[in-house]
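Enquirer: Handing you this structure, nothing more for now.
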Amino acid sequence: MIRYALTRLGLLLLGLAVASALIFLSLRVLPGDVAQLIAGTQSTPEQVAALRESLGLDVPLWTQYFDWIGGLLRGDLGTSLVTGESVAAELLDKARVTVPLAVMSLTVALLIGIPLGVLSALGRRTAGGTALSVASQALAAVPVVWAGMLLVVVFAVWLGWLPPQGFPRAGWNDPGAAFRALVLPALTIGVVEGAMLLRFVRSATLQALGQDYVRTAAAKGLTRTRALVRHGLPNVGLSVITVLGLQIAGIIVGAVVIEQLFTLPGVGRMLVADVAARDLPKVQGELLALTGFVLLVGFVVDLVHRLIDPRQREAS
Amino acid sequence: MLRRTALATSALLIGALLLTSCTGGNTASAPTGAVDPDATLTVGLSLEPSNLDIRHTSGAALEQALVDNVYQGLVTRNGDDDNAIVPALATEWTISPDGLTYTFTLREGVTFHDGTAMTADDVVTSLQTAKDDATIQNSADLANVASIASPDASTVVLTLAQPNIDFLFTLTGRAGLVFKNADTTNFQTAANGTGPFTVASRNTGQSLTLARYDGYWGDKAGVAEVVLDYIPDRSAAVNAAVSGDLDVALEVDPELQSQVEGTGNFTIDTGLTTDKATLAFNNQRAPLTDQRVREALRLAIDHDALVETVIAAQTLNGPIPPLDPGYEDLTGSVSYNPDRARDLLAQAGAENLELTLTIPNVYPTSIPTFLVSSFADVGVTLKVESVDFSTWLQDVYTNHDYDLSFVRHVEARDFGNWANPTYYFGYDNATVQSLYAQAQATTDEQQSSDLLAEAARIVDDEDAADWLLLATPRTAVGTNVANFPKNSLNVRLPLAGVTVSSE
């Protein structure tokens, strides 16, 4: 197990290294630069050049890259060229919106996906089960932005129950308002991700229902449902954990879009603004942190999977 | 002669300033309740500054938030009085008859927000640094300064190499701001100025909070705290105003104006700006090098209809807006005439023309859509390329790689761009350049104005660009708010005199 964990950790670090190079290079393809943006439309080329020099943008690319990596190894994500604040501090600050949003979205997705997925599998020959299945298929195909706008129209504009966008100025010092501000965005992501999860849980459950051990249990006198709950669902749970890893990545991507739509001051909106401002050192740090997070989720999922599934442990 | 004029004007202006700050009568409806000195004024605006470093970072949002409120120069301008130049850290000044020597008397009792007293040395060092360091915004404005000296503790003397009629005005800009000598403040994240407000806190992506500075040299600010609430979405801003989260909302979307008025808690003010929506033609690229083509494009645009589409705007015929010297109403110089436009294009052999409009994606699509259909009507296919601002800066501003471009030129007194052939307009006319140089070098304001007007007429006659419109944004001012400024709010938002009444 320890050897497996170490190998897996090695893969994680390798993934991060590759990601850092890809992120660094792909951002350099963008047109425009931060010095020109800071200098503005009344500047001369000489002024822009002087600014580039003072920002350290005139050194060769590979030096910039290794400076960045060197900083990372010392645990320093760097400093924003535009705001002058530490990238790590700004990430932590914005995470106060994004992390609760992701947790709430995941909760919604789980509340929708798991029970409805099992129900839909159990009742697959009934009208309700079919309706669920069709609805989930439709919902899973809905673009997050569209779902968000629809929810805003219904719950914010028509019913006036929830704020259409924004985050309270006081932030989490006003917990009620902060929570309310995140409800619609979390529902938006959660419903779409939940629909995808529902489809997955449904097919995993159907598969479990067809397994010999469920049939054997049913033959021994358990009802189909009880057999499924006792023997089938633990196996369904295992595969759901794997899918959840992917879904967390999906939720993070969804958050980038949704924060824009709901003007939430989170990591996603900061990232979009920083790309527009060509604050590349900061974008690099943010993208690497997000990539690192997603890779870490994958790592944890794999370890958990191995810990709780005896078959995999024996296989190694 | 000039010295007397300058003194007389400044004396008048001080009087006017005192009047407005004491009587508070420039908003339409007088607030009912008693003025609350402990109030917080919440102002909703759209464009957030990326950091607080006003010396090094461009963008109108920074000036709007910080100049006059947090940072001050020797002089400033009063947008509500035709952008007249008024005293700030200097109480008075004289200009030598040859227009070369500017002598400023410094105000006494000025302190920075950290408590240290402002000295003549701070003023000299600030201006000298701004002149020498090219990375400081508008540093070029001081290139013409030959020397900066302080003969005694309350006087600063600036000597120019050549007379420049706009010099005092440029001192109202960023290059003229006064900072503490050898200040160790991190200016990107904090501030240390002499203004009526200090920067209390900043919440990136959301708001900037200013607090009254009790050690201020002048009348203390009318409110204890100002929250500048940055709401990029227009309808969200209106929602916030309607639900009572804002005392004032800037740049109210005209289509949503009735919602704000419907509450009965706001009055709508319309102000002037120098915010020119310019449709730039690449004067160096065929077929736009042909004046007939440029004129045809201008004739194809129904400016009155465009103003009706945009609403928060008025027509602007000519490169100089009403708040700037040299303004002339050139209405009628180019009147909507699609038939004539088609003729001109035929004459120029430019039928079935295809052009690209490069426009930053921060602007609403109403204007490009309007242009596409206007140009289609005269046989010009317009392709709209919407890019982010950084790409616009590189392609259009730096590399001049474009046919047509649209941006808003918000700066005051920026006619010089038409006298600079290397600017992205690519407009090169020796007469205009010479007229502009003369207008700058004269010491007579009227003469300078006349020369600028003459140059502007040539630029307009030659169809160097089309001035689509002048932004006249609407401000929703709460009925509990008094003395809110009106004009040029996109670049200056002086809030010291504003008061808020309790209900």
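Identifiers for the structure tokens are assigned positionally: chains receive A, B, ... in sequence, residues are indexed from 1 per chain, and ligands are indexed from 1 in the order shown.
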Could you list, as a count of residues only, every residue of chain A that has an atom within 6 Å of an atom of chain B, counting only C-alpha atoms?
Expert: 10
Enquirer: Could you name the residues that touch Asn337 (chain B) at 10 Å or less, counting only C-alpha atoms, but leaving out those on the same chain fewer than 5 positions away, as a list of chain:residue names?
Expert: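 The filter keeps B:Ala296, B:Leu297, B:Arg298, B:Leu299, B:Ala300, B:Ile301, B:Asp302, B:Arg342, B:Val378.
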Enquirer: Can you tell me which residues surround Ser488 (chain B) at a distance of at most 7 Å, considering only C-alpha atoms, apart from same-chain residues fewer than 6 positions away, and format the answer as a list in words?
Expert: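 Near neighbours after the sequence-gap exclusion: Gly79, Leu272, Thr273 and Thr274 of chain B.
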Enquirer: With a distance cut-off of 9 Å and only C-alpha atoms, select the neighbouring residues of Tyr71 (chain B), excluding the residue or stretch itself and same-chain residues fewer than 2 positions from it, and output the selection as a PyMOL selection string.
Expert: chain B and resi 54+66-69+73+177-179+191-197
Enquirer: Given the selection you just returned, output its residues as a file containing N, CA and C atoms, formatted as a PDB file, in the first residue's frame.
Expert:
```pdb
ATOM      1  N   ILE B  54      -1.466  54.885  -8.468  1.00  0.00           N
ATOM      2  CA  ILE B  54      -1.874  55.890  -9.447  1.00  0.00           C
ATOM      3  C   ILE B  54      -0.691  56.451 -10.215  1.00  0.00           C
ATOM      4  N   LEU B  66      -9.289  58.156  -6.872  1.00  0.00           N
ATOM      5  CA  LEU B  66      -8.273  58.685  -5.958  1.00  0.00           C
ATOM      6  C   LEU B  66      -7.945  60.174  -6.097  1.00  0.00           C
ATOM      7  N   VAL B  67      -7.964  60.724  -7.328  1.00  0.00           N
ATOM      8  CA  VAL B  67      -7.566  62.126  -7.466  1.00  0.00           C
ATOM      9  C   VAL B  67      -8.626  63.006  -6.802  1.00  0.00           C
ATOM     10  N   ASP B  68      -8.189  63.990  -6.076  1.00  0.00           N
ATOM     11  CA  ASP B  68      -9.046  64.910  -5.309  1.00  0.00           C
ATOM     12  C   ASP B  68      -9.572  64.283  -4.014  1.00  0.00           C
ATOM     13  N   ASN B  69      -9.755  62.968  -4.002  1.00  0.00           N
ATOM     14  CA  ASN B  69     -10.231  62.329  -2.776  1.00  0.00           C
ATOM     15  C   ASN B  69      -9.068  61.934  -1.879  1.00  0.00           C
ATOM     16  N   GLY B  73      -2.771  67.494  -6.206  1.00  0.00           N
ATOM     17  CA  GLY B  73      -1.640  68.190  -6.787  1.00  0.00           C
ATOM     18  C   GLY B  73      -1.689  69.645  -6.357  1.00  0.00           C
ATOM     19  N   LEU B 177       0.639  65.109  -9.191  1.00  0.00           N
ATOM     20  CA  LEU B 177       0.256  64.718  -7.823  1.00  0.00           C
ATOM     21  C   LEU B 177       1.453  64.782  -6.880  1.00  0.00           C
ATOM     22  N   VAL B 178       1.172  65.128  -5.628  1.00  0.00           N
ATOM     23  CA  VAL B 178       2.252  65.300  -4.653  1.00  0.00           C
ATOM     24  C   VAL B 178       2.295  64.114  -3.683  1.00  0.00           C
ATOM     25  N   PHE B 179       3.483  63.534  -3.577  1.00  0.00           N
ATOM     26  CA  PHE B 179       3.706  62.389  -2.691  1.00  0.00           C
ATOM     27  C   PHE B 179       4.757  62.761  -1.662  1.00  0.00           C
ATOM     28  N   ALA B 191      -2.212  53.630   0.335  1.00  0.00           N
ATOM     29  CA  ALA B 191      -2.068  54.991  -0.167  1.00  0.00           C
ATOM     30  C   ALA B 191      -1.625  55.902   0.961  1.00  0.00           C
ATOM     31  N   ASN B 192      -0.950  56.996   0.603  1.00  0.00           N
ATOM     32  CA  ASN B 192      -0.596  58.011   1.586  1.00  0.00           C
ATOM     33  C   ASN B 192      -0.621  59.361   0.877  1.00  0.00           C
ATOM     34  N   GLY B 193      -1.768  59.992   0.888  1.00  0.00           N
ATOM     35  CA  GLY B 193      -1.919  61.254   0.173  1.00  0.00           C
ATOM     36  C   GLY B 193      -2.223  62.390   1.118  1.00  0.00           C
ATOM     37  N   THR B 194      -2.697  63.501   0.539  1.00  0.00           N
ATOM     38  CA  THR B 194      -3.027  64.672   1.353  1.00  0.00           C
ATOM     39  C   THR B 194      -4.514  64.995   1.281  1.00  0.00           C
ATOM     40  N   GLY B 195      -5.274  64.158   0.617  1.00  0.00           N
ATOM     41  CA  GLY B 195      -6.670  64.485   0.325  1.00  0.00           C
ATOM     42  C   GLY B 195      -7.603  64.334   1.515  1.00  0.00           C
ATOM     43  N   PRO B 196      -8.876  64.685   1.328  1.00  0.00           N
ATOM     44  CA  PRO B 196      -9.867  64.637   2.401  1.00  0.00           C
ATOM     45  C   PRO B 196     -10.245  63.223   2.848  1.00  0.00           C
ATOM     46  N   PHE B 197      -9.845  62.221   2.055  1.00  0.00           N
ATOM     47  CA  PHE B 197     -10.147  60.835   2.440  1.00  0.00           C
ATOM     48  C   PHE B 197      -8.879  59.997   2.454  1.00  0.00           C
TER      49      PHE B 197
END
```
Enquirer: Out of region 125-267 of chain A, which residues get helix (DSSP H, G or I) from DSSP, as a PyMOL selection string?
Expert: chain A and resi 127-140+144-158+171-173+175-209+212-219+224-261+267
Enquirer: Would you kindly return, as a list in words, each protein, DNA or RNA residue with an atom no farther than 9 Å from any atom of Val275 (chain A), considering only C-alpha atoms and excluding same-chain residues fewer than 6 positions away?
Expert: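 Counting only the stated atoms, we get Leu27, Lys282 and Val283 of chain A.
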Enquirer: Limited to N, CA and C atoms, could you put the picked residues into a file as an mmCIF file, in the first residue's frame?
Expert:
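Saved to again.cif:
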```
data_model
loop_
_atom_site.group_PDB
_atom_site.id
_atom_site.type_symbol
_atom_site.label_atom_id
_atom_site.label_comp_id
_atom_site.auth_asym_id
_atom_site.auth_seq_id
_atom_site.Cartn_x
_atom_site.Cartn_y
_atom_site.Cartn_z
ATOM 1 N N LEU A 27 0.411 30.229 -22.047
ATOM 2 C CA LEU A 27 0.051 31.623 -21.771
ATOM 3 C C LEU A 27 0.889 32.593 -22.603
ATOM 4 N N LYS A 282 0.476 35.717 -12.270
ATOM 5 C CA LYS A 282 -0.626 35.397 -11.371
ATOM 6 C C LYS A 282 -1.512 34.295 -11.971
ATOM 7 N N VAL A 283 -1.788 34.406 -13.269
ATOM 8 C CA VAL A 283 -2.604 33.381 -13.929
ATOM 9 C C VAL A 283 -1.920 32.022 -13.805
#
```
Enquirer: Quick one: residues within 6 Å of Ala249 (chain B), only C-alpha atoms, excluding same-chain residues fewer than 5 positions away - as a CSV table (one decimal) with N, CA, C and O atoms, in the first residue's frame?
Expert:
```
chain,number,residue,atom,x,y,z
B,43,VAL,N,-21.5,54.5,-3.3
B,43,VAL,CA,-21.6,54.9,-4.8
B,43,VAL,C,-21.4,53.7,-5.6
B,43,VAL,O,-20.4,53.0,-5.5
B,44,GLY,N,-22.3,53.4,-6.5
B,44,GLY,CA,-22.1,52.3,-7.4
B,44,GLY,C,-21.5,52.7,-8.7
B,44,GLY,O,-21.9,53.7,-9.4
B,475,THR,N,-26.5,60.0,-13.8
B,475,THR,CA,-26.2,59.6,-12.5
B,475,THR,C,-27.5,59.6,-11.7
B,475,THR,O,-28.2,60.6,-11.7
B,476,ALA,N,-27.8,58.5,-11.0
B,476,ALA,CA,-28.9,58.5,-10.1
B,476,ALA,C,-28.4,58.9,-8.7
B,476,ALA,O,-27.6,58.2,-8.1
```
Enquirer: Find the residue from A:Pro115, A:Gly190, A:Gly10, A:Gly128 that sits nearest to Arg202 (chain A); use only C-alpha atoms when measuring.
Expert: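 Of all the options, A:Pro115 lies closest to Arg202 (chain A).
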Enquirer: Go through A:Thr126, A:Gln137, A:Thr63, A:Thr205 one by one, measure the shortest atom-to-atom distance of each to Glu193 (chain A) using only C-alpha atoms, and give the residue with the smallest value.
Expert: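 Result for the nearest residue to Glu193 (chain A): A:Gln137.
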Enquirer: What is the distance between CA of Tyr213 (chain B) and CA of Ala88 (chain B), in Å to one decimal?
Expert: 15.9 Å
Enquirer: Would you please work out which residue, of B:Pro254, B:Gly497, B:Gly222, B:Gly332, is nearest to Ala39 (chain B) when using only C-alpha atoms?
Expert: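 Smallest distance to Ala39 (chain B) is found for B:Gly222.
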Enquirer: May I have the residues within 9 Å of Gly298 (chain A) as an NGL selection string, using only C-alpha atoms and disregarding those fewer than 2 positions away in the same chain?
Expert: :A and (12 or 242 or 245-246 or 293-296 or 300-303)
